[in-house]
Amino acid sequence: MTYEFTPIALPYIAAAVVCTVLLSTIWQRRDRRGAKGFLLDIAGVIILSVTVSLQLFATAESTTLFWWNWRFVAGSFMGIGYLLMAVEYTNNEEYITYRNGAALAVVPVLIQFAAWTNDRHEWVYTASIDPATGLLVPTFEPLYWIYAVTMLAYLGLAVYLLIRLLRSLPGFEKQAGVLIATILFVTVGLIVWWLGVVPVDTLALTSTVKVVGFYVAVDRLQLLDIVPVARTKVIDNMRDAVFVVNAANRIVDANPSAKRLAGNDISIGDPLEAAFPSSPLPELDDTTDARTEWTFETGDETRHFAIQLSPLTDSRGRQTGQLMVLRDITELKNRERELTVLNRIVRHDIRNEMNVVIGRGELLADHVDPDGEEHLELMLESSDHVVDLTQVIGDLVETLTTDGDLDLKPVHLLPVVRNQLEKARTSYPDAAFRVDGEPPTDVTIRANEMLSSVFTNLLNNAVLHNDADVPRVVLSIAERDETVSIRVADNGPGVPEEQRDEIFGRGQKGLESEGTGIGLYLVDTLVEGYGGDVWVETAEEGGAAFVVELPKVGARQERPAALRE
């Protein structure tokens with residue numbers, strides 16, 4: 001094989017170099033929907049550009065024909081690759097099967113075999129060398145046209161799928177438009193060559209323009225990053241408003257709920273702040289998932305939204321845009337306000353009235369005969385229990401209205417436990433409280449002012465549900481590397497193993513679960529909010545042992561006073 005340089009090959013060499021560079025760019029996004037078809041198509045363009053260059057360099061007719069035959073390999077890659085891209089990109093990937101792939105490859109494989117043996121039968125083409133230009137001049141025979149019509153059918157099917165996408169999803173006009181316009185440009189170039197208007201095969205050159213168009217669509221229009229399947233299958237049917245913005249914070253997609261929220265007055269390409277000029281969305285520039293809330297004034301109505309922001313990144317981890325989901329929580333906020341009112345009533349009005357009952361009952365103590373003393377005592381105990389219950393309910397309401405997002409800060413554990421232990425001793429003078437071992441004095445955890453409710457409820461529970469003549473409660477604190485455990489054990493009846501989750505209200509029934517105490521439900525809710533865990537064991541004396549495990553945040557220099565025996 002002998003070759004001779006000719007300037008006519010320079011555009012094809014340039015096309016091969018450009019397509020190779022663009023292939024590496026698309027390869028970095030190979031995990032995206034439609035990318036595999038792009039890669040196969042671009043590989044075909046590279047093969048075609050290289051083989052056409054070698055064909056033009058060749059000086060012998062046999063060598064020219066050898067390299068010309070490779071165009072069928074390249075053309076098959078390009079046609080099948082483009083169709084594969086369109087099928088996957090338009091969310092029809094269920095048709096991408098081995099059987100369908102084999103069916104698509106039948107004609108290209110047979111024609112390629114016929115091309116390699118064409119010198120024996122000339123069913124694909126006949127060719128001669130133009131003595132004036134030295135270029136190969138083919139005459140196409142029936143098998144070539146079967147191949148050409150098959151490839152055009154593949155391209156036609158791909159264009160049909162993209163046009164259907166374009167008509168159903170107005171937000172993707174530019175992306176689908178680039179894909180359709182570039183392949184039409186390639187087809188026109190082929191027709192021009194077939195008609196003999198130009199003497200040189202234009203397919204490699206026009207296909208390079210197509211690949212450059214792909215790159216522009218991928219880089220500027222986020223062709224592989226914003227895929228239609230999300231809209232057709234999920235986003236369009238969501239009640240939540242969904243915005244997709246690019247790195248410049250311009251809208252590249254918005255579902256119907258988002259458009260309704262913005263008054264149907266937004267267009268693709270508008271800045272995000274233009275959608276809500278009177279109540280701009282909060283600026284969230286973090287590259288990680290973030291949540292916030294937003295209040296939107298519309299007419300005489302105030303609406304509240306929870307915003308979930310998720311970054312969109314490419315294969316290198318570079319942020320290419322953001323996905324913003326707005327969920328209407330107006331009803332939830334209204335319920336929270338109602339709960340706040342209820343909380344005030346429970347913690348103030350009912351409690352104040354019960355304190356009046358307790359006070360009046362204590363004044364009656366000197367005026368009740370012996371037969372009525374037992375009834376008065378039970379009345380006062382029940383009244384005290386109602387007061388305690390209002391405190392627990394109030395704490396629970398306050399916890400629930402935080403929507404699971406507690407405002408935590410470093411808290412010394414020991415003073416909180418010590419104070420609640422002293423209150424329990426005062427409230428239950430007939431019970432015996434003991435501290436086991438020497439508690440650590442410098443443990444700090446992340447909690448809030450409601451941490452005391454955890455130990456108040458556990459200590460009260462250890463006495464109130466104790467059927468022993470003398471209730472005994474043993475408290476111990478064990479420090480580990482990352483956590484600290486507080487154990488409240490008693491000598492009561494204990495908790496059967498099969499009920500140990502149920503008493504916290506865990507499971508589908510929550511507070512409706514049999515045996516659930518509202519105090520224990522509050523304990524479980526708070527401990528979970530602090531990042532810890534709570535469970536029940538069997539105490540050494542046969543009763544129940546409630547164990548609270550909380551993560552530490554490190555020791556502090558201040559050393560609180562130790563627990564008193």
# chains A, B, ... in the order shown; residues from 1 in each chain; ligands from 1

call {"tool": "residues_around", "arguments": {"residues": "Thr64 (chain A)", "least_positions_apart": "2", "cutoff": "12 Å", "atoms": "only C-alpha atoms", "output": "VMD selection string"}}
result
chain A and resid 1 to 4 51 to 62 66 to 71 127 to 129 134 to 138

call {"tool": "write_last_selection", "arguments": {"atoms": "N, CA and C atoms", "output": "mmCIF file, in the first residue's frame"}}
result
data_model
loop_
_atom_site.group_PDB
_atom_site.id
_atom_site.type_symbol
_atom_site.label_atom_id
_atom_site.label_comp_id
_atom_site.auth_asym_id
_atom_site.auth_seq_id
_atom_site.Cartn_x
_atom_site.Cartn_y
_atom_site.Cartn_z
ATOM 1 N N MET A 1 0.827 -1.191 0.000
ATOM 2 C CA MET A 1 0.000 0.000 0.000
ATOM 3 C C MET A 1 0.867 1.248 0.000
ATOM 4 N N THR A 2 0.664 2.113 -0.977
ATOM 5 C CA THR A 2 1.412 3.357 -1.056
ATOM 6 C C THR A 2 0.451 4.531 -0.915
ATOM 7 N N TYR A 3 0.966 5.588 -0.277
ATOM 8 C CA TYR A 3 0.129 6.752 -0.003
ATOM 9 C C TYR A 3 0.865 8.016 -0.421
ATOM 10 N N GLU A 4 0.084 9.021 -0.749
ATOM 11 C CA GLU A 4 0.638 10.308 -1.147
ATOM 12 C C GLU A 4 -0.255 11.399 -0.564
ATOM 13 N N THR A 51 -10.867 6.831 7.637
ATOM 14 C CA THR A 51 -10.818 5.991 6.440
ATOM 15 C C THR A 51 -10.925 6.807 5.152
ATOM 16 N N VAL A 52 -11.724 7.876 5.156
ATOM 17 C CA VAL A 52 -11.784 8.744 3.972
ATOM 18 C C VAL A 52 -10.429 9.407 3.742
ATOM 19 N N SER A 53 -9.766 9.822 4.819
ATOM 20 C CA SER A 53 -8.431 10.420 4.681
ATOM 21 C C SER A 53 -7.459 9.424 4.067
ATOM 22 N N LEU A 54 -7.456 8.188 4.581
ATOM 23 C CA LEU A 54 -6.562 7.170 4.035
ATOM 24 C C LEU A 54 -6.925 6.825 2.592
ATOM 25 N N GLN A 55 -8.209 6.837 2.279
ATOM 26 C CA GLN A 55 -8.659 6.578 0.907
ATOM 27 C C GLN A 55 -8.115 7.651 -0.038
ATOM 28 N N LEU A 56 -8.128 8.916 0.406
ATOM 29 C CA LEU A 56 -7.639 10.010 -0.423
ATOM 30 C C LEU A 56 -6.118 9.978 -0.561
ATOM 31 N N PHE A 57 -5.446 9.483 0.494
ATOM 32 C CA PHE A 57 -3.981 9.384 0.431
ATOM 33 C C PHE A 57 -3.523 8.237 -0.474
ATOM 34 N N ALA A 58 -4.364 7.202 -0.611
ATOM 35 C CA ALA A 58 -3.954 5.999 -1.338
ATOM 36 C C ALA A 58 -3.720 6.305 -2.820
ATOM 37 N N THR A 59 -2.686 5.678 -3.372
ATOM 38 C CA THR A 59 -2.360 5.879 -4.795
ATOM 39 C C THR A 59 -2.790 4.701 -5.649
ATOM 40 N N ALA A 60 -2.998 3.546 -5.031
ATOM 41 C CA ALA A 60 -3.431 2.363 -5.785
ATOM 42 C C ALA A 60 -4.947 2.215 -5.686
ATOM 43 N N GLU A 61 -5.550 1.772 -6.785
ATOM 44 C CA GLU A 61 -7.004 1.629 -6.799
ATOM 45 C C GLU A 61 -7.487 0.609 -5.785
ATOM 46 N N SER A 62 -6.756 -0.489 -5.643
ATOM 47 C CA SER A 62 -7.156 -1.529 -4.683
ATOM 48 C C SER A 62 -7.148 -0.999 -3.255
ATOM 49 N N PHE A 66 -10.257 -0.540 -0.699
ATOM 50 C CA PHE A 66 -10.202 -1.155 0.633
ATOM 51 C C PHE A 66 -10.693 -0.180 1.700
ATOM 52 N N TRP A 67 -10.173 1.048 1.659
ATOM 53 C CA TRP A 67 -10.579 2.019 2.676
ATOM 54 C C TRP A 67 -11.999 2.526 2.422
ATOM 55 N N TRP A 68 -12.445 2.581 1.161
ATOM 56 C CA TRP A 68 -13.801 3.030 0.883
ATOM 57 C C TRP A 68 -14.826 2.064 1.472
ATOM 58 N N ASN A 69 -14.493 0.782 1.504
ATOM 59 C CA ASN A 69 -15.419 -0.210 2.062
ATOM 60 C C ASN A 69 -15.686 0.005 3.554
ATOM 61 N N TRP A 70 -14.762 0.679 4.240
ATOM 62 C CA TRP A 70 -14.940 0.909 5.676
ATOM 63 C C TRP A 70 -16.077 1.887 5.969
ATOM 64 N N ARG A 71 -16.510 2.632 4.948
ATOM 65 C CA ARG A 71 -17.575 3.601 5.193
ATOM 66 C C ARG A 71 -18.869 2.905 5.618
ATOM 67 N N ALA A 127 -16.883 1.082 -9.380
ATOM 68 C CA ALA A 127 -16.101 2.291 -9.141
ATOM 69 C C ALA A 127 -15.016 2.443 -10.186
ATOM 70 N N SER A 128 -14.636 3.705 -10.381
ATOM 71 C CA SER A 128 -13.522 4.036 -11.261
ATOM 72 C C SER A 128 -12.792 5.221 -10.666
ATOM 73 N N ILE A 129 -11.587 5.442 -11.119
ATOM 74 C CA ILE A 129 -10.784 6.560 -10.635
ATOM 75 C C ILE A 129 -10.817 7.666 -11.692
ATOM 76 N N GLY A 134 -8.096 12.190 -9.559
ATOM 77 C CA GLY A 134 -7.586 11.051 -8.796
ATOM 78 C C GLY A 134 -8.563 10.547 -7.753
ATOM 79 N N LEU A 135 -9.804 11.039 -7.783
ATOM 80 C CA LEU A 135 -10.792 10.643 -6.792
ATOM 81 C C LEU A 135 -11.583 9.433 -7.268
ATOM 82 N N LEU A 136 -12.029 8.630 -6.312
ATOM 83 C CA LEU A 136 -12.853 7.480 -6.622
ATOM 84 C C LEU A 136 -14.268 7.944 -6.943
ATOM 85 N N VAL A 137 -14.806 7.424 -8.067
ATOM 86 C CA VAL A 137 -16.158 7.791 -8.480
ATOM 87 C C VAL A 137 -17.003 6.526 -8.453
ATOM 88 N N PRO A 138 -17.855 6.359 -7.404
ATOM 89 C CA PRO A 138 -18.639 5.134 -7.312
ATOM 90 C C PRO A 138 -19.958 5.251 -8.083
#

call {"tool": "select_by_dssp", "arguments": {"residues": "region 4-230 of chain A", "states": "alpha helix (DSSP H)", "output": "ChimeraX atom specification"}}
result
/A:10-27,35-57,61-68,71-89,98-116,118-121,142-168,173-194,203-220,228-229

call {"tool": "residues_around", "arguments": {"residues": "Thr208 (chain A)", "least_positions_apart": "5", "cutoff": "7 Å", "atoms": "only C-alpha atoms", "output": "list in words"}}
result
Ala15, Cys19 and Val45 of chain A

call {"tool": "closest_residue", "arguments": {"among": "A:Arg260, A:Arg164, A:Arg291, A:Lys210", "to": "Ile183 (chain A)", "atoms": "only C-alpha atoms"}}
result
A:Lys210

call {"tool": "residues_around", "arguments": {"residues": "Thr538 (chain A)", "least_positions_apart": "4", "cutoff": "12 Å", "atoms": "only C-alpha atoms", "output": "number ranges by chain"}}
result
A: 487-497, 500, 542-547

call {"tool": "closest_residue", "arguments": {"among": "A:Ile8, A:Leu162, A:Val411, A:Val50", "to": "Leu83 (chain A)", "atoms": "only C-alpha atoms"}}
result
A:Leu162

call {"tool": "closest_residue", "arguments": {"among": "A:Asn237, A:Thr90, A:Thr441, A:Asn466", "to": "Arg167 (chain A)", "atoms": "only C-alpha atoms"}}
result
A:Thr90

call {"tool": "residues_around", "arguments": {"residues": "region 262-266 of chain A", "least_positions_apart": "6", "cutoff": "9 Å", "atoms": "only C-alpha atoms", "output": "short mmCIF file (atom, residue, chain, number, x, y, z; two decimals) with C-alpha atoms, in the first residue's frame"}}
result
data_model
loop_
_atom_site.label_atom_id
_atom_site.label_comp_id
_atom_site.auth_asym_id
_atom_site.auth_seq_id
_atom_site.Cartn_x
_atom_site.Cartn_y
_atom_site.Cartn_z
CA ILE A 251 -34.89 28.36 34.57
CA ALA A 254 -40.56 24.00 35.31
CA PRO A 256 -47.13 22.72 35.56
CA LEU A 272 -35.35 32.41 38.74
CA ALA A 274 -38.20 36.85 37.79
CA ALA A 275 -40.74 34.14 38.65
CA PHE A 276 -41.54 35.74 42.02
#

call {"tool": "atom_distance", "arguments": {"atom1": "CA of Phe305 (chain A)", "atom2": "CA of Asn246 (chain A)"}}
result
21.8 Å
